[in-house]
>>> print(open('start-v4.tsv').read())   # TSV, C-alpha atoms
chain	number	residue	atom	x	y	z
A	20	MET	CA	120.15	-13.94	-26.70
A	21	SER	CA	119.42	-14.36	-22.94
A	22	VAL	CA	121.05	-17.80	-22.96
A	23	ILE	CA	124.26	-16.35	-24.40
A	24	VAL	CA	124.40	-13.58	-21.75
A	25	ALA	CA	123.75	-16.02	-18.91
A	26	GLY	CA	126.46	-18.30	-20.18
A	27	SER	CA	128.92	-15.41	-20.39
A	28	ILE	CA	128.19	-14.41	-16.75
A	29	THR	CA	128.67	-18.00	-15.61
A	30	LEU	CA	132.04	-18.22	-17.36
A	31	LEU	CA	133.13	-14.87	-15.88
A	32	LEU	CA	132.22	-15.92	-12.34
A	33	SER	CA	134.04	-19.21	-12.81
A	34	ALA	CA	137.14	-17.35	-14.00
A	35	CYS	CA	137.07	-14.99	-10.97
A	36	GLY	CA	136.65	-17.86	-8.53
A	37	SER	CA	139.57	-19.72	-10.02
A	38	ALA	CA	141.72	-16.54	-9.82
A	39	ASP	CA	140.97	-16.14	-6.07
A	40	LYS	CA	141.91	-19.72	-5.16
A	41	PRO	CA	143.14	-21.97	-7.90
A	42	LYS	CA	141.99	-25.52	-7.59
A	43	GLY	CA	144.56	-27.74	-5.90
A	44	LYS	CA	146.64	-24.93	-4.28
A	45	PRO	CA	147.91	-26.25	-0.90
A	46	ASP	CA	147.40	-24.43	2.39
A	47	PRO	CA	150.33	-22.28	3.50
A	48	VAL	CA	152.75	-23.87	5.90
A	49	VAL	CA	153.42	-21.97	9.17
A	50	GLY	CA	155.80	-22.73	11.97
A	51	VAL	CA	154.40	-22.28	15.46
A	52	MET	CA	155.69	-22.22	18.99
A	53	ILE	CA	153.73	-23.22	22.07
A	54	ALA	CA	153.15	-20.38	24.54
A	55	ARG	CA	154.68	-21.33	27.85
A	56	ALA	CA	154.42	-19.33	31.06
A	57	GLY	CA	157.29	-19.08	33.49
A	58	PRO	CA	159.30	-16.67	35.61
A	59	VAL	CA	161.23	-14.08	33.59
A	60	GLU	CA	163.93	-11.85	35.03
A	61	LEU	CA	163.77	-8.27	33.80
A	62	THR	CA	166.88	-6.16	33.30
A	63	THR	CA	167.54	-2.62	32.16
A	64	GLU	CA	170.76	-1.06	30.89
A	65	LEU	CA	171.68	2.33	32.32
A	66	ALA	CA	174.65	4.67	32.25
A	67	GLY	CA	176.89	4.75	35.30
A	68	ARG	CA	180.20	5.96	36.65
A	69	THR	CA	182.59	4.22	39.02
A	70	GLU	CA	183.56	5.70	42.37
A	71	ALA	CA	186.00	4.52	45.02
A	72	PHE	CA	184.44	2.72	47.99
A	73	GLU	CA	186.38	4.94	50.40
A	74	ILE	CA	188.26	8.19	49.68
A	75	ALA	CA	190.64	9.93	52.09
A	76	GLU	CA	192.42	13.18	51.28
A	77	VAL	CA	195.60	13.38	53.32
A	78	ARG	CA	196.17	16.80	54.94
A	79	PRO	CA	198.64	17.96	57.62
A	80	GLN	CA	197.35	18.68	61.12
A	81	VAL	CA	200.47	20.64	62.14
A	82	ALA	CA	202.57	23.17	60.27
A	83	GLY	CA	206.15	22.59	59.21
A	84	LEU	CA	208.58	21.56	56.48
A	85	VAL	CA	208.23	18.19	54.78
A	86	VAL	CA	211.55	16.42	55.32
A	87	GLU	CA	210.68	13.07	53.73
A	88	ARG	CA	208.08	11.28	51.58
A	89	LEU	CA	207.67	7.69	52.78
A	90	PHE	CA	205.60	6.02	50.02
A	91	THR	CA	205.71	5.15	46.32
A	92	GLU	CA	203.08	6.86	44.20
A	93	GLY	CA	200.41	4.47	42.96
A	94	SER	CA	201.28	1.79	45.53
A	95	TYR	CA	198.98	0.07	47.99
A	96	VAL	CA	199.19	1.45	51.52
A	97	ARG	CA	197.61	0.23	54.73
A	98	ALA	CA	195.78	2.23	57.35
A	99	GLY	CA	198.33	3.78	59.73
A	100	GLN	CA	201.24	3.47	57.30
A	101	PRO	CA	203.50	6.58	57.36
A	102	LEU	CA	203.29	8.75	54.25
A	103	TYR	CA	205.18	11.97	55.11
A	104	GLN	CA	207.54	13.19	57.82
A	105	ILE	CA	207.36	16.83	58.92
A	106	ASP	CA	210.28	18.49	60.74
A	107	SER	CA	209.59	17.51	64.36
A	108	ARG	CA	212.29	19.39	66.27
A	109	ILE	CA	210.13	22.27	67.47
A	110	TYR	CA	207.36	19.85	68.51
A	111	ALA	CA	209.83	17.62	70.33
A	112	ALA	CA	211.06	20.67	72.24
A	113	SER	CA	207.48	21.59	73.15
A	114	GLN	CA	206.93	18.06	74.45
A	115	ALA	CA	210.07	18.26	76.58
A	116	GLN	CA	208.96	21.60	77.99
A	117	ALA	CA	205.51	20.24	78.82
A	118	SER	CA	207.09	17.22	80.50
A	119	ALA	CA	209.21	19.51	82.69
A	120	SER	CA	206.13	21.51	83.61
A	121	VAL	CA	204.47	18.32	84.84
A	122	ALA	CA	207.47	17.52	87.04
A	123	ALA	CA	207.51	21.05	88.49
A	124	ALA	CA	203.78	20.94	89.20
A	125	GLN	CA	204.14	17.58	90.96
A	126	ALA	CA	206.94	19.00	93.17
A	127	THR	CA	204.75	21.96	94.08
A	128	VAL	CA	201.95	19.61	95.03
A	129	GLU	CA	204.14	17.75	97.48
A	130	ALA	CA	205.33	20.97	99.18
A	131	ASN	CA	201.77	22.31	99.42
A	132	ARG	CA	200.51	19.03	100.83
A	133	LEU	CA	203.00	19.09	103.70
A	134	ARG	CA	202.20	22.76	104.43
A	135	ALA	CA	198.46	22.09	104.47
A	136	GLU	CA	198.85	19.14	106.86
A	137	ARG	CA	201.09	21.19	109.22
A	138	PHE	CA	198.67	24.16	109.27
A	139	ALA	CA	195.77	21.85	110.00
A	140	LEU	CA	197.61	20.46	113.04
A	141	LEU	CA	198.58	23.94	114.27
A	142	ALA	CA	195.04	25.19	113.85
A	143	GLU	CA	193.83	22.46	116.22
A	144	GLN	CA	196.45	23.58	118.81
A	145	GLY	CA	195.71	27.26	118.30
A	146	GLY	CA	199.08	28.01	116.75
A	147	VAL	CA	197.50	29.43	113.51
A	148	SER	CA	194.07	30.63	112.63
A	149	LYS	CA	191.56	28.37	110.98
A	150	GLN	CA	191.58	30.75	108.01
A	151	ASP	CA	195.31	30.17	107.47
A	152	ALA	CA	194.75	26.42	107.57
A	153	ALA	CA	191.93	26.73	105.03
A	154	ASP	CA	194.11	28.85	102.73
A	155	ALA	CA	196.90	26.24	102.91
A	156	ARG	CA	194.40	23.48	101.98
A	157	ALA	CA	193.12	25.56	99.03
A	158	THR	CA	196.67	26.16	97.81
A	159	TYR	CA	197.29	22.42	97.93
A	160	ASN	CA	194.14	21.66	95.89
A	161	GLN	CA	195.10	24.34	93.34
A	162	SER	CA	198.52	22.77	92.89
A	163	ARG	CA	196.90	19.38	92.32
A	164	ALA	CA	194.75	20.92	89.56
A	165	GLY	CA	197.90	22.48	88.15
A	166	VAL	CA	199.38	19.01	87.76
A	167	GLN	CA	196.35	17.91	85.71
A	168	GLN	CA	196.67	21.02	83.59
A	169	ALA	CA	200.35	20.38	82.97
A	170	ARG	CA	199.62	16.76	82.04
A	171	ALA	CA	196.97	17.91	79.55
A	172	ALA	CA	199.50	20.26	77.96
A	173	LEU	CA	201.98	17.39	77.78
A	174	ALA	CA	199.36	15.18	76.08
A	175	ALA	CA	198.68	17.94	73.52
A	176	ALA	CA	202.40	18.32	72.84
A	177	GLN	CA	202.71	14.56	72.35
A	178	VAL	CA	199.77	14.57	69.91
A	179	ASN	CA	201.30	17.40	67.90
A	180	LEU	CA	204.63	15.58	67.84
A	181	GLY	CA	202.81	12.49	66.54
A	182	PHE	CA	201.14	14.57	63.83
A	183	THR	CA	204.56	15.34	62.35
A	184	ARG	CA	204.47	11.78	61.02
A	185	ILE	CA	201.51	11.81	58.62
A	186	THR	CA	199.92	8.38	58.20
A	187	SER	CA	197.28	6.94	55.85
A	188	PRO	CA	193.79	7.02	57.40
A	189	ILE	CA	192.56	4.07	55.29
A	190	SER	CA	193.93	1.15	53.30
A	191	GLY	CA	193.96	1.58	49.53
A	192	ARG	CA	195.82	2.94	46.54
A	193	VAL	CA	197.68	6.20	47.05
A	194	GLY	CA	197.85	8.60	44.14
A	195	ILE	CA	200.30	11.31	43.08
A	196	SER	CA	202.01	13.31	45.81
A	197	MET	CA	201.12	17.00	45.62
A	198	VAL	CA	204.16	18.11	47.65
A	199	THR	CA	207.85	17.32	47.60
A	200	LYS	CA	210.59	17.29	50.19
A	201	GLY	CA	211.19	20.80	51.52
A	202	ALA	CA	207.63	22.03	50.98
A	203	LEU	CA	206.04	24.09	53.74
A	204	VAL	CA	202.66	22.75	54.83
A	205	THR	CA	200.14	24.32	57.19
A	206	THR	CA	197.51	23.04	59.57
A	207	ASN	CA	194.34	21.83	57.79
A	208	GLN	CA	195.37	23.38	54.49
A	209	ALA	CA	192.89	23.32	51.61
A	210	ASN	CA	195.04	21.35	49.17
A	211	PRO	CA	195.64	17.70	50.13
A	212	LEU	CA	199.12	16.22	50.17
A	213	ALA	CA	197.87	13.03	48.50
A	214	LYS	CA	194.70	10.99	48.07
A	215	VAL	CA	194.16	7.39	49.16
A	216	GLN	CA	191.28	5.41	47.63
A	217	ARG	CA	189.90	2.01	48.48
A	218	ILE	CA	188.90	0.45	45.16
A	219	ASP	CA	187.92	-3.05	46.28
A	220	PRO	CA	184.96	-3.15	46.24
A	221	MET	CA	184.00	-0.33	43.88
A	222	TYR	CA	180.85	1.78	43.76
A	223	VAL	CA	179.00	2.21	40.45
A	224	ASN	CA	176.65	5.20	40.55
A	225	ILE	CA	173.77	4.63	38.13
A	226	GLN	CA	171.22	7.20	37.01
A	227	GLN	CA	167.58	6.09	36.65
A	228	SER	CA	164.68	8.35	35.73
A	229	GLY	CA	162.26	9.13	38.51
A	230	ALA	CA	159.31	7.93	36.39
A	231	ASP	CA	160.92	4.52	35.80
A	232	PHE	CA	161.74	4.18	39.48
A	233	ILE	CA	158.15	4.91	40.50
A	234	ALA	CA	156.79	2.48	37.88
A	235	LEU	CA	159.15	-0.22	39.12
A	236	ARG	CA	158.11	0.30	42.73
A	237	ARG	CA	154.43	0.14	41.82
A	238	ALA	CA	154.95	-3.07	39.84
A	239	ILE	CA	156.61	-4.66	42.88
A	240	GLU	CA	153.87	-3.46	45.23
A	241	SER	CA	151.14	-4.80	42.93
A	242	GLY	CA	152.76	-8.23	42.68
A	243	LYS	CA	153.53	-8.02	38.96
A	244	LEU	CA	157.22	-8.13	39.86
A	245	VAL	CA	158.90	-10.12	42.58
A	246	SER	CA	161.75	-8.10	44.06
A	247	GLY	CA	164.99	-9.63	45.32
A	248	VAL	CA	168.69	-8.90	45.54
A	249	ALA	CA	169.18	-7.17	42.21
A	250	PRO	CA	172.30	-8.33	40.32
A	251	VAL	CA	174.33	-5.78	38.38
A	252	GLN	CA	176.44	-6.59	35.29
A	253	VAL	CA	178.98	-3.89	34.46
A	254	ILE	CA	179.71	-3.25	30.76
A	255	LEU	CA	183.14	-1.68	30.23
A	256	PRO	CA	183.75	1.19	27.76
A	257	ASP	CA	185.10	-1.25	25.14
A	258	GLY	CA	181.80	-3.18	25.21
A	259	SER	CA	183.11	-6.19	27.13
A	260	ALA	CA	181.35	-7.48	30.22
A	261	TYR	CA	183.13	-7.20	33.54
A	262	PRO	CA	183.43	-10.79	34.83
A	263	VAL	CA	182.30	-10.17	38.42
A	264	MET	CA	178.66	-9.45	39.22
A	265	GLY	CA	177.71	-6.69	41.64
A	266	LYS	CA	174.76	-6.05	43.91
A	267	LEU	CA	172.42	-3.11	44.06
A	268	ASN	CA	172.30	-0.87	47.11
A	269	PRO	CA	169.16	1.07	48.13
A	270	ALA	CA	168.48	4.03	45.83
A	271	ASP	CA	168.89	7.64	46.81
A	272	ILE	CA	165.72	9.26	48.16
A	273	ASP	CA	166.28	12.56	46.33
A	274	VAL	CA	165.41	13.31	42.71
A	275	ASN	CA	167.90	15.56	40.92
A	276	PRO	CA	165.92	18.74	40.06
A	277	GLN	CA	168.01	19.39	36.93
A	278	THR	CA	167.84	15.91	35.38
A	279	GLY	CA	164.84	14.29	37.08
A	280	THR	CA	166.90	11.19	37.87
A	281	ILE	CA	167.57	9.12	40.98
A	282	THR	CA	171.04	7.83	41.78
A	283	ILE	CA	171.22	4.06	42.29
A	284	ARG	CA	174.45	2.74	43.76
A	285	ALA	CA	175.83	-0.72	43.06
A	286	VAL	CA	178.69	-2.41	44.92
A	287	VAL	CA	180.97	-4.39	42.61
A	288	PRO	CA	183.94	-6.51	43.79
A	289	ASN	CA	187.20	-5.34	42.24
A	290	PRO	CA	189.89	-7.77	43.45
A	291	LYS	CA	192.29	-7.18	40.54
A	292	GLY	CA	191.80	-3.41	40.38
A	293	ASP	CA	190.49	-3.49	36.79
A	294	LEU	CA	187.82	-0.88	37.60
A	295	LEU	CA	189.27	2.57	38.18
A	296	PRO	CA	187.53	5.52	39.85
A	297	GLY	CA	185.74	7.90	37.47
A	298	LEU	CA	185.28	5.35	34.67
A	299	PHE	CA	182.11	5.70	32.55
A	300	VAL	CA	180.39	2.33	32.19
A	301	ARG	CA	177.02	0.77	31.36
A	302	ALA	CA	175.21	-1.29	33.95
A	303	ARG	CA	172.65	-4.03	33.35
A	304	VAL	CA	170.48	-3.94	36.44
A	305	GLY	CA	168.08	-6.70	37.43
A	306	GLN	CA	164.68	-5.19	38.19
A	307	GLY	CA	162.87	-8.24	39.48
A	308	THR	CA	161.10	-11.35	38.25
A	309	VAL	CA	157.76	-11.53	36.43
A	310	PRO	CA	155.99	-14.72	37.50
A	311	GLY	CA	154.00	-16.57	34.83
A	312	ALA	CA	155.29	-14.49	31.91
A	313	ILE	CA	155.07	-15.50	28.23
A	314	LEU	CA	157.88	-14.61	25.83
A	315	VAL	CA	157.20	-14.21	22.11
A	316	PRO	CA	159.86	-13.54	19.43
A	317	GLN	CA	159.79	-9.92	18.33
A	318	ALA	CA	159.46	-10.95	14.67
A	319	ALA	CA	156.12	-12.66	15.47
A	320	VAL	CA	154.56	-9.47	16.87
A	321	SER	CA	153.10	-6.92	14.46
A	322	ARG	CA	151.82	-3.46	15.30
A	323	ASP	CA	149.20	-1.27	13.66
A	324	PRO	CA	149.67	2.48	13.04
A	325	ARG	CA	148.42	3.20	16.57
A	326	GLY	CA	151.08	0.94	18.06
A	327	ARG	CA	148.73	-1.87	19.17
A	328	ALA	CA	150.46	-5.25	19.15
A	329	SER	CA	149.02	-8.47	17.77
A	330	VAL	CA	150.07	-12.03	16.90
A	331	LEU	CA	148.62	-14.83	14.78
A	332	VAL	CA	147.38	-17.82	16.76
A	333	ALA	CA	146.70	-21.17	15.09
A	334	GLY	CA	143.63	-23.05	16.27
A	335	ALA	CA	143.23	-26.81	16.57
A	336	ASP	CA	141.78	-26.95	13.03
A	337	GLY	CA	144.62	-24.85	11.58
A	338	MET	CA	142.56	-21.67	11.29
A	339	LEU	CA	144.61	-18.53	11.93
A	340	GLU	CA	143.27	-15.94	14.36
A	341	LYS	CA	144.62	-12.44	14.93
A	342	ARG	CA	145.03	-11.81	18.65
A	343	GLU	CA	145.69	-8.42	20.22
A	344	VAL	CA	148.25	-8.68	23.02
A	345	THR	CA	150.01	-6.42	25.51
A	346	ALA	CA	153.71	-6.47	24.65
A	347	ASP	CA	155.50	-3.43	26.08
A	348	THR	CA	158.67	-4.88	27.60
A	349	PRO	CA	161.53	-6.22	25.45
A	350	VAL	CA	163.51	-9.14	26.85
A	351	GLY	CA	166.47	-9.84	24.59
A	352	GLN	CA	165.08	-10.80	21.15
A	353	ASN	CA	161.59	-11.37	22.59
A	354	TRP	CA	158.62	-9.39	23.79
A	355	LEU	CA	157.17	-10.07	27.22
A	356	VAL	CA	153.43	-10.60	26.67
A	357	SER	CA	151.50	-9.71	29.81
A	358	ALA	CA	147.96	-10.06	28.38
A	359	GLY	CA	146.19	-11.62	25.39
A	360	LEU	CA	147.73	-15.10	25.37
A	361	LYS	CA	147.23	-18.27	27.36
A	362	PRO	CA	149.75	-21.05	28.00
A	363	GLY	CA	149.45	-23.84	25.42
A	364	GLU	CA	148.30	-21.67	22.53
A	365	LYS	CA	150.12	-21.97	19.19
A	366	ILE	CA	151.78	-18.74	18.07
A	367	VAL	CA	152.83	-18.34	14.43
A	368	VAL	CA	156.50	-17.42	14.29
A	369	GLU	CA	157.44	-18.70	10.79
A	370	GLY	CA	155.70	-18.32	7.43
A	371	LEU	CA	154.16	-14.97	8.36
A	372	ASN	CA	154.59	-13.64	4.81
A	373	SER	CA	152.00	-16.04	3.42
A	374	ALA	CA	149.78	-16.39	6.51
A	375	ARG	CA	146.62	-14.32	6.83
A	376	GLU	CA	143.95	-13.89	9.47
A	377	GLY	CA	140.97	-16.20	8.95
A	378	GLN	CA	142.98	-18.47	6.65
A	379	LYS	CA	143.54	-22.16	7.18
A	380	ALA	CA	147.17	-23.23	7.27
A	381	LYS	CA	149.26	-26.32	7.69
A	382	VAL	CA	150.73	-26.05	11.18
A	383	VAL	CA	154.17	-27.48	11.93
A	384	PRO	CA	156.51	-26.91	14.87
A	385	ALA	CA	158.83	-23.96	14.34
A	386	GLY	CA	162.17	-25.05	12.91
A	387	SER	CA	160.87	-28.36	11.57
A	388	LYS	CA	161.00	-27.19	7.92
A	389	PRO	CA	163.60	-25.21	6.00
A	390	LYS	CA	163.02	-21.51	6.50
A	391	ASP	CA	162.63	-20.87	2.78
A	392	ASP	CA	159.78	-23.34	2.58
A	393	VAL	CA	158.04	-22.00	5.66
A	394	LYS	CA	158.33	-18.40	4.53
A	395	SER	CA	156.97	-19.15	1.07
A	396	GLY	CA	154.26	-21.47	2.42
A	397	ALA	CA	154.89	-23.88	-0.45
A	398	GLY	CA	154.54	-27.59	0.17
A	399	LYS	CA	156.78	-30.16	-1.41
>>> encode(input="start-v4.tsv", output="structure tokens")
Amino acid sequence: MSVIVAGSITLLLSACGSADKPKGKPDPVVGVMIARAGPVELTTELAGRTEAFEIAEVRPQVAGLVVERLFTEGSYVRAGQPLYQIDSRIYAASQAQASASVAAAQATVEANRLRAERFALLAEQGGVSKQDAADARATYNQSRAGVQQARAALAAAQVNLGFTRITSPISGRVGISMVTKGALVTTNQANPLAKVQRIDPMYVNIQQSGADFIALRRAIESGKLVSGVAPVQVILPDGSAYPVMGKLNPADIDVNPQTGTITIRAVVPNPKGDLLPGLFVRARVGQGTVPGAILVPQAAVSRDPRGRASVLVAGADGMLEKREVTADTPVGQNWLVSAGLKPGEKIVVEGLNSAREGQKAKVVPAGSKPKDDVKSGAGK
């Protein structure tokens, strides 16, 4: 009876062992990549809005009627180019009056000079008192000051006459005219006559969270990132990439109290005028370079319920080891691994469905076998 029971146990154990690993089943086939360290440029994509490089709102500096508009709406104008003509007749008359005042003051100076010289000579001879001579000299000096005053009034009249021809303060594209011929304009009025914008180059105002900005600065200070001239790639609203790269300007020093963001400004060349002011865009901003970084395909990284990342590493004997890694930064279709891997190690990237930790596998370079075979782990 004991022999029969022992034999039954032996057969049962043999059956279980054969169910766990049937005799002759080949090791799973996994495709691996070699971990290589090198510099990796990090980028982030943020929302932004375009803004003209220079903006000038054209306003009148004298009052009067607009008698002519001298530009075509939407055209390119140069600095100093006339835009409007205000009725100048009253200002021309004021200039003529000021010019006559200068001539009269100069004539008075000459008469007072001769009188002062004559009184000085008579005072020496006793013909007039010294007080009369001093009064004549003072009158002469006052008339000379009057000439300077009249010349200043003439200069002001000439400036006001010049203001009747309103010119563009900058070079750029001029927009829609807000007034027409015959409109009455006033000095320094609130509403502009037109707006001129320089759109080459163009600003792109980008919003970055204060926390990300501080983390980036700390990474640069610690040496994890190497900072440089950050390139900026503008993504247009239709999803296409703007062909000209921009450069990042220093960030604003103030954090917006409502949004908690910092405004970063990029300068983007706009030679063809494709970028228009006020356009909402996306901006891919270079944040620096990570020296000695290792990139691993995202499909090769698994995470547990707590979010901890790990990969399978194949040893020299084909044994598979689970390795916890630090992979917090996505770079395209890869994860940037900052800890847990060494250059030269073999990372399993294919055949993960059949590969298990502590299992021995047949290791081949990734892409050397058909994907179906690698995923199934079946040998041929």
>>> residues_near_point(input="start-v4.tsv", point="(200.2, 23.8, 99.8)", cutoff="8 Å", atoms="only C-alpha atoms", output="list of chain:residue names")
A:Thr127, A:Val128, A:Glu129, A:Ala130, A:Asn131, A:Arg132, A:Leu133, A:Arg134, A:Ala135, A:Ala155, A:Arg156, A:Ala157, A:Thr158, A:Tyr159, A:Asn160, A:Ser162
>>> write_last_selection(input="start-v4.tsv", atoms="C-alpha atoms", output="compact mmCIF listing (two decimals), keeping the file's coordinate frame")
# COMPACT_ATOMS: atom_id res chain seq x y z
CA THR A 127 204.75 21.96 94.08
CA VAL A 128 201.95 19.61 95.03
CA GLU A 129 204.14 17.75 97.48
CA ALA A 130 205.33 20.97 99.18
CA ASN A 131 201.77 22.31 99.42
CA ARG A 132 200.51 19.03 100.83
CA LEU A 133 203.00 19.09 103.70
CA ARG A 134 202.20 22.76 104.43
CA ALA A 135 198.46 22.09 104.47
CA ALA A 155 196.90 26.24 102.91
CA ARG A 156 194.40 23.48 101.98
CA ALA A 157 193.12 25.56 99.03
CA THR A 158 196.67 26.16 97.81
CA TYR A 159 197.29 22.42 97.93
CA ASN A 160 194.14 21.66 95.89
CA SER A 162 198.52 22.77 92.89
>>> residues_around(input="start-v4.tsv", residues="Glu343 of chain A", least_positions_apart="6", cutoff="9 Å", atoms="only C-alpha atoms", output="list in words")
Arg327, Ala328, Ser329, Val330, Leu331, Ala358, Gly359 and Leu360 of chain A
>>> closest_residue(input="start-v4.tsv", among="A:Gln352, A:Gln150, A:Ser228, A:Ser187", to="Tyr95 of chain A", atoms="all atoms listed in the file")
A:Ser187
>>> residues_around(input="start-v4.tsv", residues="Ser113 of chain A", least_positions_apart="2", cutoff="10 Å", atoms="all atoms listed in the file", output="number ranges by chain")
A: 107-111, 115-119, 172-173, 175-177, 179-180
>>> residues_near_point(input="start-v4.tsv", point="(155.4, -16.9, 34.8)", cutoff="7 Å", atoms="all atoms listed in the file", output="list in words")
Ala56, Gly57, Pro58, Val59, Val309, Pro310, Gly311, Ala312 and Ile313 of chain A
>>> residues_around(input="start-v4.tsv", residues="Arg97 of chain A", least_positions_apart="5", cutoff="10 Å", atoms="all atoms listed in the file", output="number ranges by chain")
A: 186-193, 215
>>> atom_distance(input="start-v4.tsv", atom1="atom CA of Val86 of chain A", atom2="atom CA of Thr206 of chain A")
16.1 Å
>>> atom_distance(input="start-v4.tsv", atom1="atom CA of Gln277 of chain A", atom2="atom CA of Asp231 of chain A")
16.5 Å
>>> closest_residue(input="start-v4.tsv", among="A:Met338, A:Val383, A:Gly165, A:Val315", to="Ser357 of chain A", atoms="all atoms listed in the file")
A:Val315
>>> atom_distance(input="start-v4.tsv", atom1="atom CA of Pro316 of chain A", atom2="atom CA of Asp46 of chain A")
23.8 Å
>>> closest_residue(input="start-v4.tsv", among="A:Ala152, A:Ile185, A:Ala374, A:Leu314", to="Val48 of chain A", atoms="all atoms listed in the file")
A:Ala374
>>> closest_residue(input="start-v4.tsv", among="A:Val253, A:Glu70, A:Ala335, A:Arg303", to="Lys379 of chain A", atoms="all atoms listed in the file")
A:Ala335
>>> residues_around(input="start-v4.tsv", residues="Ala285 of chain A", least_positions_apart="2", cutoff="8 Å", atoms="only C-alpha atoms", output="PDB file with C-alpha atoms, in the coordinates of the input")
ATOM      1  CA  TYR A 222     180.850   1.780  43.760  1.00  0.00           C
ATOM      2  CA  VAL A 223     179.000   2.210  40.450  1.00  0.00           C
ATOM      3  CA  ASN A 224     176.650   5.200  40.550  1.00  0.00           C
ATOM      4  CA  ILE A 225     173.770   4.630  38.130  1.00  0.00           C
ATOM      5  CA  VAL A 251     174.330  -5.780  38.380  1.00  0.00           C
ATOM      6  CA  GLY A 265     177.710  -6.690  41.640  1.00  0.00           C
ATOM      7  CA  LYS A 266     174.760  -6.050  43.910  1.00  0.00           C
ATOM      8  CA  LEU A 267     172.420  -3.110  44.060  1.00  0.00           C
ATOM      9  CA  ASN A 268     172.300  -0.870  47.110  1.00  0.00           C
ATOM     10  CA  ILE A 283     171.220   4.060  42.290  1.00  0.00           C
ATOM     11  CA  VAL A 287     180.970  -4.390  42.610  1.00  0.00           C
TER      12      VAL A 287
END
>>> closest_residue(input="start-v4.tsv", among="A:Gln216, A:Asn210, A:Gln114, A:Ser196", to="Arg170 of chain A", atoms="all atoms listed in the file")
A:Gln114
>>> closest_residue(input="start-v4.tsv", among="A:Gln168, A:Thr63, A:Thr199, A:Thr183", to="Gln104 of chain A", atoms="all atoms listed in the file")
A:Thr183
